[in-house]
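Reproduced below: my_file38.pdb, with PDB, C-alpha atoms.
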```pdb
MODEL        1
ATOM      1  CA  ASP Q 128     -13.759 -34.372  28.508
ATOM      2  CA  THR Q 129     -14.481 -37.689  26.788
ATOM      3  CA  ALA Q 130     -17.066 -39.752  28.666
ATOM      4  CA  VAL Q 131     -15.859 -43.191  27.509
ATOM      5  CA  SER Q 132     -12.336 -43.285  26.188
ATOM      6  CA  GLN Q 133     -10.462 -46.173  24.644
ATOM      7  CA  THR Q 134      -6.796 -46.622  23.830
ATOM      8  CA  PRO Q 135      -5.340 -47.307  21.416
ATOM      9  CA  LYS Q 136      -7.628 -46.147  18.624
ATOM     10  CA  TYR Q 137      -5.733 -48.232  16.074
ATOM     11  CA  LEU Q 138      -3.729 -51.387  16.599
ATOM     12  CA  VAL Q 139      -1.919 -53.427  13.931
ATOM     13  CA  THR Q 140      -0.200 -56.626  14.995
ATOM     14  CA  GLN Q 141       0.905 -60.055  13.868
ATOM     15  CA  MET Q 142      -0.903 -63.340  14.414
ATOM     16  CA  GLY Q 143       0.054 -65.014  17.645
ATOM     17  CA  ASN Q 144       0.827 -61.801  19.514
ATOM     18  CA  ASP Q 145      -0.862 -60.677  22.720
ATOM     19  CA  LYS Q 146      -2.416 -57.221  22.912
ATOM     20  CA  SER Q 147      -4.537 -55.117  25.256
ATOM     21  CA  ILE Q 148      -7.134 -52.413  24.777
ATOM     22  CA  LYS Q 149      -7.893 -50.076  27.646
ATOM     23  CA  CYS Q 150     -11.169 -48.361  28.469
ATOM     24  CA  GLU Q 151     -12.031 -45.713  31.010
ATOM     25  CA  GLN Q 152     -15.318 -43.967  31.767
ATOM     26  CA  ASN Q 153     -15.754 -40.787  33.800
ATOM     27  CA  LEU Q 154     -19.547 -40.932  34.024
ATOM     28  CA  GLY Q 155     -19.649 -42.602  37.398
ATOM     29  CA  HIS Q 156     -21.445 -45.609  35.917
ATOM     30  CA  ASP Q 157     -21.430 -48.996  37.607
ATOM     31  CA  THR Q 158     -21.511 -51.132  34.465
ATOM     32  CA  MET Q 159     -19.136 -51.471  31.540
ATOM     33  CA  TYR Q 160     -19.192 -53.537  28.357
ATOM     34  CA  TRP Q 161     -17.131 -54.727  25.463
ATOM     35  CA  TYR Q 162     -18.718 -55.086  22.036
ATOM     36  CA  LYS Q 163     -17.115 -56.367  18.833
ATOM     37  CA  GLN Q 164     -18.027 -55.060  15.383
ATOM     38  CA  ASP Q 165     -16.819 -57.297  12.586
ATOM     39  CA  SER Q 166     -16.247 -56.538   8.915
ATOM     40  CA  LYS Q 167     -19.934 -57.061   8.170
ATOM     41  CA  LYS Q 168     -20.694 -54.313  10.699
ATOM     42  CA  PHE Q 169     -22.575 -56.547  13.141
ATOM     43  CA  LEU Q 170     -22.183 -55.355  16.733
ATOM     44  CA  LYS Q 171     -22.013 -58.212  19.232
ATOM     45  CA  ILE Q 172     -21.797 -58.015  22.970
ATOM     46  CA  MET Q 173     -18.796 -59.807  24.444
ATOM     47  CA  PHE Q 174     -18.748 -59.010  28.160
ATOM     48  CA  SER Q 175     -20.348 -56.859  30.771
ATOM     49  CA  TYR Q 176     -19.037 -56.021  34.211
ATOM     50  CA  ASN Q 177     -20.875 -54.441  37.105
ATOM     51  CA  ASN Q 178     -18.736 -52.860  39.785
ATOM     52  CA  LYS Q 179     -15.773 -55.071  38.821
ATOM     53  CA  GLU Q 180     -17.842 -58.261  38.740
ATOM     54  CA  LEU Q 181     -18.411 -60.232  35.509
ATOM     55  CA  ILE Q 182     -22.110 -60.279  34.623
ATOM     56  CA  ILE Q 183     -22.250 -61.355  30.973
ATOM     57  CA  ASN Q 184     -19.809 -63.543  29.057
ATOM     58  CA  GLU Q 185     -21.128 -64.266  25.600
ATOM     59  CA  THR Q 186     -19.178 -67.516  25.025
ATOM     60  CA  VAL Q 187     -16.188 -65.558  23.878
ATOM     61  CA  PRO Q 188     -12.996 -67.670  23.402
ATOM     62  CA  ASN Q 189     -10.937 -67.711  26.556
ATOM     63  CA  ARG Q 190      -8.117 -66.021  24.652
ATOM     64  CA  PHE Q 191     -10.121 -62.883  25.483
ATOM     65  CA  SER Q 192      -9.751 -61.895  29.110
ATOM     66  CA  PRO Q 193     -11.421 -58.745  30.415
ATOM     67  CA  LYS Q 194     -10.085 -57.140  33.550
ATOM     68  CA  SER Q 195     -11.766 -54.497  35.662
ATOM     69  CA  PRO Q 196      -9.397 -53.002  38.247
ATOM     70  CA  ASP Q 197     -12.140 -50.614  39.383
ATOM     71  CA  LYS Q 198     -15.596 -49.701  38.171
ATOM     72  CA  ALA Q 199     -14.276 -46.891  35.979
ATOM     73  CA  HIS Q 200     -11.977 -49.151  33.960
ATOM     74  CA  LEU Q 201     -12.502 -52.249  31.853
ATOM     75  CA  ASN Q 202      -9.548 -53.509  29.869
ATOM     76  CA  LEU Q 203      -9.559 -56.238  27.238
ATOM     77  CA  HIS Q 204      -6.546 -58.501  26.858
ATOM     78  CA  ILE Q 205      -6.323 -60.813  23.870
ATOM     79  CA  ASN Q 206      -3.859 -63.701  23.737
ATOM     80  CA  SER Q 207      -2.596 -65.524  20.655
ATOM     81  CA  LEU Q 208      -4.275 -63.203  18.192
ATOM     82  CA  GLU Q 209      -5.907 -64.747  15.137
ATOM     83  CA  LEU Q 210      -6.895 -63.239  11.794
ATOM     84  CA  GLY Q 211     -10.559 -63.475  12.766
ATOM     85  CA  ASP Q 212      -9.971 -61.185  15.717
ATOM     86  CA  SER Q 213      -9.620 -58.266  13.323
ATOM     87  CA  ALA Q 214     -12.516 -55.969  14.133
ATOM     88  CA  VAL Q 215     -13.476 -52.738  15.838
ATOM     89  CA  TYR Q 216     -13.873 -53.182  19.575
ATOM     90  CA  PHE Q 217     -16.192 -50.806  21.401
ATOM     91  CA  CYS Q 218     -16.261 -50.162  25.090
ATOM     92  CA  ALA Q 219     -19.469 -48.859  26.646
ATOM     93  CA  SER Q 220     -20.884 -48.003  30.043
ATOM     94  CA  SER Q 221     -24.331 -47.694  31.613
ATOM     95  CA  PRO Q 222     -25.561 -46.491  34.999
ATOM     96  CA  PHE Q 223     -26.682 -49.969  36.049
ATOM     97  CA  PRO Q 224     -26.464 -53.551  34.761
ATOM     98  CA  GLY Q 225     -29.032 -54.687  32.248
ATOM     99  CA  GLY Q 226     -29.802 -51.122  31.292
ATOM    100  CA  GLY Q 227     -30.426 -50.144  27.706
ATOM    101  CA  GLU Q 228     -28.992 -46.643  27.612
ATOM    102  CA  LEU Q 229     -25.344 -47.254  26.866
ATOM    103  CA  PHE Q 230     -22.610 -44.717  26.273
ATOM    104  CA  PHE Q 231     -20.087 -45.987  23.761
ATOM    105  CA  GLY Q 232     -16.472 -45.101  23.206
ATOM    106  CA  GLU Q 233     -15.083 -44.281  19.778
ATOM    107  CA  GLY Q 234     -13.797 -47.778  19.165
ATOM    108  CA  SER Q 235     -10.426 -49.453  18.777
ATOM    109  CA  ARG Q 236      -9.680 -50.885  15.337
ATOM    110  CA  LEU Q 237      -7.614 -54.047  15.622
ATOM    111  CA  THR Q 238      -5.963 -55.451  12.515
ATOM    112  CA  VAL Q 239      -4.261 -58.823  12.742
ATOM    113  CA  LEU Q 240      -1.855 -59.632   9.892
TER     114      LEU Q 240
ATOM    115  CA  ASP S  59     -30.198 -63.208  17.231
ATOM    116  CA  ALA S  60     -31.783 -59.804  16.935
ATOM    117  CA  LYS S  61     -35.535 -59.724  17.462
ATOM    118  CA  THR S  62     -36.025 -56.893  14.987
ATOM    119  CA  THR S  63     -36.150 -56.465  11.226
ATOM    120  CA  GLN S  64     -35.471 -53.198   9.447
ATOM    121  CA  PRO S  65     -35.100 -52.106   5.828
ATOM    122  CA  THR S  66     -31.494 -52.226   4.742
ATOM    123  CA  SER S  67     -31.391 -48.669   3.493
ATOM    124  CA  MET S  68     -33.457 -45.508   3.066
ATOM    125  CA  ASP S  69     -33.023 -42.065   1.582
ATOM    126  CA  CYS S  70     -34.420 -38.825   2.903
ATOM    127  CA  ALA S  71     -34.298 -35.255   1.613
ATOM    128  CA  GLU S  72     -32.621 -32.713   3.859
ATOM    129  CA  GLY S  73     -35.154 -30.792   5.919
ATOM    130  CA  ARG S  74     -37.834 -33.442   5.562
ATOM    131  CA  ALA S  75     -38.942 -35.913   8.189
ATOM    132  CA  ALA S  76     -37.204 -39.277   8.163
ATOM    133  CA  ASN S  77     -39.444 -42.168   9.199
ATOM    134  CA  LEU S  78     -37.561 -45.355   9.964
ATOM    135  CA  PRO S  79     -39.704 -48.477  10.445
ATOM    136  CA  CYS S  80     -38.930 -51.508  12.555
ATOM    137  CA  ASN S  81     -40.729 -54.820  13.032
ATOM    138  CA  HIS S  82     -40.487 -56.687  16.322
ATOM    139  CA  SER S  83     -43.399 -59.118  16.120
ATOM    140  CA  THR S  84     -42.032 -61.478  18.802
ATOM    141  CA  ILE S  85     -41.518 -58.804  21.431
ATOM    142  CA  SER S  86     -42.578 -59.756  24.947
ATOM    143  CA  GLY S  87     -44.761 -57.612  27.139
ATOM    144  CA  ASN S  88     -41.964 -56.258  29.298
ATOM    145  CA  GLU S  89     -39.304 -55.792  26.632
ATOM    146  CA  TYR S  90     -38.308 -52.269  25.705
ATOM    147  CA  VAL S  91     -37.539 -50.985  22.216
ATOM    148  CA  TYR S  92     -34.331 -48.982  21.874
ATOM    149  CA  TRP S  93     -32.990 -46.957  18.994
ATOM    150  CA  TYR S  94     -29.332 -46.192  18.433
ATOM    151  CA  ARG S  95     -27.447 -44.737  15.531
ATOM    152  CA  GLN S  96     -23.885 -45.099  14.358
ATOM    153  CA  ILE S  97     -22.337 -42.351  12.314
ATOM    154  CA  HIS S  98     -19.453 -43.542  10.171
ATOM    155  CA  SER S  99     -16.350 -44.496  12.176
ATOM    156  CA  GLN S 100     -17.927 -43.486  15.484
ATOM    157  CA  GLY S 101     -19.357 -45.400  18.400
ATOM    158  CA  PRO S 102     -23.102 -46.068  18.542
ATOM    159  CA  GLN S 103     -25.177 -43.284  20.056
ATOM    160  CA  TYR S 104     -28.347 -43.765  22.071
ATOM    161  CA  ILE S 105     -31.381 -41.970  20.623
ATOM    162  CA  ILE S 106     -34.556 -42.975  22.426
ATOM    163  CA  HIS S 107     -36.436 -45.904  23.924
ATOM    164  CA  GLY S 108     -39.983 -46.885  24.814
ATOM    165  CA  LEU S 109     -42.227 -49.643  26.091
ATOM    166  CA  LYS S 110     -45.822 -48.907  25.120
ATOM    167  CA  ASN S 111     -46.340 -45.179  24.867
ATOM    168  CA  ASN S 112     -45.014 -42.880  22.218
ATOM    169  CA  GLU S 113     -41.909 -41.008  23.289
ATOM    170  CA  THR S 114     -40.249 -37.774  22.218
ATOM    171  CA  ASN S 115     -36.958 -36.161  23.085
ATOM    172  CA  GLU S 116     -34.720 -33.518  21.582
ATOM    173  CA  MET S 117     -33.413 -35.924  18.971
ATOM    174  CA  ALA S 118     -36.406 -37.885  17.763
ATOM    175  CA  SER S 119     -39.867 -39.313  18.327
ATOM    176  CA  LEU S 120     -40.706 -42.968  18.765
ATOM    177  CA  ILE S 121     -44.097 -44.272  17.726
ATOM    178  CA  ILE S 122     -44.979 -47.776  18.951
ATOM    179  CA  THR S 123     -48.057 -49.530  17.593
ATOM    180  CA  GLU S 124     -50.734 -50.578  20.028
ATOM    181  CA  ASP S 125     -49.925 -54.272  19.588
ATOM    182  CA  ARG S 126     -46.221 -53.401  20.057
ATOM    183  CA  LYS S 127     -45.242 -55.471  17.033
ATOM    184  CA  SER S 128     -43.687 -52.545  15.217
ATOM    185  CA  SER S 129     -42.370 -49.056  15.779
ATOM    186  CA  THR S 130     -41.220 -46.028  13.830
ATOM    187  CA  LEU S 131     -38.415 -43.644  14.630
ATOM    188  CA  ILE S 132     -39.068 -40.137  13.365
ATOM    189  CA  LEU S 133     -36.371 -37.542  12.817
ATOM    190  CA  PRO S 134     -38.552 -34.469  12.283
ATOM    191  CA  HIS S 135     -36.150 -32.365  10.195
ATOM    192  CA  ALA S 136     -33.335 -34.504   8.865
ATOM    193  CA  THR S 137     -29.960 -32.872   8.263
ATOM    194  CA  LEU S 138     -26.908 -34.163   6.435
ATOM    195  CA  ARG S 139     -25.376 -34.963   9.824
ATOM    196  CA  ASP S 140     -28.172 -37.481  10.448
ATOM    197  CA  THR S 141     -26.718 -39.765   7.771
ATOM    198  CA  ALA S 142     -25.930 -42.919   9.731
ATOM    199  CA  VAL S 143     -26.883 -46.530  10.405
ATOM    200  CA  TYR S 144     -29.948 -46.638  12.653
ATOM    201  CA  TYR S 145     -30.451 -49.670  14.870
ATOM    202  CA  CYS S 146     -33.774 -50.747  16.302
ATOM    203  CA  ILE S 147     -33.151 -53.043  19.252
ATOM    204  CA  VAL S 148     -35.293 -55.040  21.629
ATOM    205  CA  ARG S 149     -33.504 -55.460  24.920
ATOM    206  CA  VAL S 150     -33.519 -59.156  25.793
ATOM    207  CA  GLY S 151     -33.116 -60.797  29.165
ATOM    208  CA  SER S 152     -34.029 -59.318  32.481
ATOM    209  CA  GLY S 153     -32.407 -57.782  35.471
ATOM    210  CA  ASN S 154     -28.646 -57.622  35.490
ATOM    211  CA  THR S 155     -28.314 -59.860  32.448
ATOM    212  CA  GLY S 156     -30.491 -57.748  30.171
ATOM    213  CA  LYS S 157     -28.598 -56.893  27.004
ATOM    214  CA  LEU S 158     -28.878 -55.162  23.658
ATOM    215  CA  ILE S 159     -28.664 -57.386  20.582
ATOM    216  CA  PHE S 160     -27.896 -55.260  17.540
ATOM    217  CA  GLY S 161     -29.224 -56.256  14.119
ATOM    218  CA  GLN S 162     -28.081 -55.024  10.735
ATOM    219  CA  GLY S 163     -29.802 -51.644  11.060
ATOM    220  CA  THR S 164     -31.024 -49.219   8.398
ATOM    221  CA  THR S 165     -28.532 -47.077   6.564
ATOM    222  CA  LEU S 166     -30.163 -43.655   6.262
ATOM    223  CA  GLN S 167     -28.747 -41.373   3.604
ATOM    224  CA  VAL S 168     -29.864 -37.750   3.925
ATOM    225  CA  LYS S 169     -29.494 -35.978   0.603
ATOM    226  CA  PRO S 170     -29.258 -32.248  -0.110
TER     227      PRO S 170
ENDMDL
END
```
Any chance you could give the structure as structure tokens?
Amino acid sequence: DTAVSQTPKYLVTQMGNDKSIKCEQNLGHDTMYWYKQDSKKFLKIMFSYNNKELIINETVPNRFSPKSPDKAHLNLHINSLELGDSAVYFCASSPFPGGGELFFGEGSRLTVL
Amino acid sequence: DAKTTQPTSMDCAEGRAANLPCNHSTISGNEYVYWYRQIHSQGPQYIIHGLKNNETNEMASLIITEDRKSSTLILPHATLRDTAVYYCIVRVGSGNTGKLIFGQGTTLQVKP
């Protein structure tokens, strides 16, 4: 049983399209995150949510809209995709906000053509 | 920006101890040091963390200098499966807004 699962694992799309990545955790954690890993392999935090409430928004363009229907799910919707959005997006969870022990998913590789 | 600096890459012979250094000279008194690793094409994996004292778990040991300006992650008996990028991270912020800022990490290559 995967602790943090993301779908889809791979996503190839055209510029200007809108796409979503879903994330679910079965660890009972209160906090979930989205990280972006670019082509240079730098991992950057994008958002964190605690019990469906936005806690951290790292000045991500508003084309990126996270949605947390419940504390076990955090989805990432991206509007008007740009070439620079190509990256691997990782979802993670932790027992409480601000914690340092995160459990990451396997990543979703987004390629924008 | 990350508050840590690490060597870009290191090699280690299989079965030997791998010692991965990290400098965090600007660390504040209440900031923890975390270590993660990322095996190729997988999500990052938590290894260990510490504040002042040395720590050990089933995966590794963490040695933090007395002045807390540097630390070393030790994998006591490296295997080929330990080949990965190892990230040393100082958690910044406090309370609910504390967060992990990943740097470039050290690529550890374990060789037969």
Pick from S:Lys110, S:Arg149, S:Arg95, S:Lys61: nearest to chain Q, with all atoms listed in the file counted?
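Selected residue with least distance to chain Q: S:Arg149.
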Would you kindly translate the PyMOL selection byres ((chain Q) within 9 of (chain S)) into the concrete residues it picks from this file, as a compact mmCIF listing (two decimals) with C-alpha atoms, in the frame of the given file?
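Everything below was put into selection_1.txt:
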```
# COMPACT_ATOMS: atom_id res chain seq x y z
CA LYS Q 167 -19.93 -57.06 8.17
CA LYS Q 168 -20.69 -54.31 10.70
CA PHE Q 169 -22.58 -56.55 13.14
CA LEU Q 170 -22.18 -55.36 16.73
CA LYS Q 171 -22.01 -58.21 19.23
CA ILE Q 172 -21.80 -58.02 22.97
CA SER Q 175 -20.35 -56.86 30.77
CA ASN Q 177 -20.88 -54.44 37.10
CA ILE Q 182 -22.11 -60.28 34.62
CA ILE Q 183 -22.25 -61.36 30.97
CA PHE Q 217 -16.19 -50.81 21.40
CA CYS Q 218 -16.26 -50.16 25.09
CA ALA Q 219 -19.47 -48.86 26.65
CA PHE Q 223 -26.68 -49.97 36.05
CA PRO Q 224 -26.46 -53.55 34.76
CA GLY Q 225 -29.03 -54.69 32.25
CA GLY Q 226 -29.80 -51.12 31.29
CA GLY Q 227 -30.43 -50.14 27.71
CA GLU Q 228 -28.99 -46.64 27.61
CA LEU Q 229 -25.34 -47.25 26.87
CA PHE Q 230 -22.61 -44.72 26.27
CA PHE Q 231 -20.09 -45.99 23.76
CA GLY Q 232 -16.47 -45.10 23.21
CA GLU Q 233 -15.08 -44.28 19.78
CA GLY Q 234 -13.80 -47.78 19.16
```
From (-25.5, -45.7, 12.5), in the file's coordinates, out to 7 Å: which residues are reached, counting only C-alpha atoms? Answer as a PyMOL selection string.
chain S and resi 95-98+102+142-145+165
Contacts of S:Thr114 at 12 Å (only C-alpha atoms; same-chain gap of 6+ positions) as a VMD selection string
chain S and resid 105 to 108 120 to 122 130 to 134
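Evaluated against this file, the PyMOL selection byres ((chain S and resi 74-85) around 7) yields Lys61, Thr62, Thr63, Gln64, Cys70, Ala71, Glu72, Gly73, Ser86, Gly87, Glu89, Lys127, Ser128, Ser129, Thr130, Leu131, Ile132, Leu133, Pro134, His135, Ala136 and Cys146 of chain S.
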Please expand the PyMOL selection byres ((chain Q and resi 210) around 12) into the concrete residues it hits in this file, giving the result as an NGL selection string.
:Q and (139-144 or 165-166 or 207-209 or 211-214 or 237-240)
So how many Å separate atom CA of S:Thr164 and atom CA of Q:Gln164, to one decimal?
15.9 Å
Counting only C-alpha atoms, what is within 9 Å of stretch 189-203 of chain Q, bar same-chain residues fewer than 2 positions away, as an NGL selection string?
:Q and (146-161 or 174 or 176-181 or 186-187 or 205-208 or 218 or 220)
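Taking atom CA of S:Asp140 as the reference point, atom CA of S:Gln167 is found at 7.9 Å.
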Mind writing stretch 139-161 of chain Q to a file for me, with N, CA and C atoms, as a tab-separated table (two decimals), in the first residue's frame?
```tsv
chain	number	residue	atom	x	y	z
Q	139	VAL	N	2.40	14.42	-20.72
Q	139	VAL	CA	2.94	15.18	-21.83
Q	139	VAL	C	1.80	15.98	-22.44
Q	140	THR	N	2.02	17.28	-22.60
Q	140	THR	CA	0.93	18.14	-23.06
Q	140	THR	C	1.47	19.32	-23.84
Q	141	GLN	N	0.59	20.04	-24.47
Q	141	GLN	CA	0.98	21.20	-25.27
Q	141	GLN	C	0.91	22.47	-24.43
Q	142	MET	N	1.70	23.44	-24.84
Q	142	MET	CA	1.63	24.78	-24.22
Q	142	MET	C	0.21	25.31	-24.29
Q	143	GLY	N	-0.19	25.97	-23.22
Q	143	GLY	CA	-1.51	26.59	-23.20
Q	143	GLY	C	-2.60	25.72	-22.63
Q	144	ASN	N	-2.33	24.41	-22.52
Q	144	ASN	CA	-3.34	23.51	-21.96
Q	144	ASN	C	-3.41	23.65	-20.45
Q	145	ASP	N	-4.49	23.09	-19.88
Q	145	ASP	CA	-4.66	23.02	-18.44
Q	145	ASP	C	-4.59	21.56	-18.02
Q	146	LYS	N	-3.85	21.30	-16.94
Q	146	LYS	CA	-3.71	19.92	-16.48
Q	146	LYS	C	-3.74	19.86	-14.96
Q	147	SER	N	-4.04	18.66	-14.44
Q	147	SER	CA	-4.07	18.45	-13.00
Q	147	SER	C	-3.25	17.24	-12.61
Q	148	ILE	N	-2.65	17.32	-11.44
Q	148	ILE	CA	-1.95	16.19	-10.84
Q	148	ILE	C	-2.62	15.93	-9.50
Q	149	LYS	N	-2.90	14.66	-9.24
Q	149	LYS	CA	-3.58	14.32	-7.99
Q	149	LYS	C	-2.61	13.67	-7.01
Q	150	CYS	N	-2.87	13.87	-5.73
Q	150	CYS	CA	-2.05	13.27	-4.68
Q	150	CYS	C	-2.93	12.82	-3.53
Q	151	GLU	N	-2.62	11.64	-3.04
Q	151	GLU	CA	-3.36	11.09	-1.91
Q	151	GLU	C	-2.38	10.47	-0.93
Q	152	GLN	N	-2.61	10.66	0.36
Q	152	GLN	CA	-1.77	10.01	1.37
Q	152	GLN	C	-2.66	9.23	2.33
Q	153	ASN	N	-2.18	8.03	2.70
Q	153	ASN	CA	-2.94	7.17	3.61
Q	153	ASN	C	-2.24	7.02	4.96
Q	154	LEU	N	-1.44	8.02	5.30
Q	154	LEU	CA	-0.68	7.97	6.55
Q	154	LEU	C	-1.40	8.65	7.71
Q	155	GLY	N	-2.52	9.26	7.40
Q	155	GLY	CA	-3.24	9.98	8.45
Q	155	GLY	C	-2.59	11.31	8.83
Q	156	HIS	N	-1.72	11.82	7.98
Q	156	HIS	CA	-1.04	13.07	8.26
Q	156	HIS	C	-1.96	14.26	8.06
Q	157	ASP	N	-1.63	15.35	8.78
Q	157	ASP	CA	-2.44	16.57	8.66
Q	157	ASP	C	-1.93	17.50	7.56
Q	158	THR	N	-0.67	17.36	7.18
Q	158	THR	CA	-0.05	18.35	6.31
Q	158	THR	C	0.43	17.72	5.01
Q	159	MET	N	0.20	18.45	3.92
Q	159	MET	CA	0.65	17.98	2.61
Q	159	MET	C	1.34	19.11	1.86
Q	160	TYR	N	2.19	18.73	0.91
Q	160	TYR	CA	3.05	19.68	0.22
Q	160	TYR	C	3.11	19.36	-1.27
Q	161	TRP	N	3.45	20.39	-2.03
Q	161	TRP	CA	3.90	20.20	-3.40
Q	161	TRP	C	5.29	20.81	-3.54
```
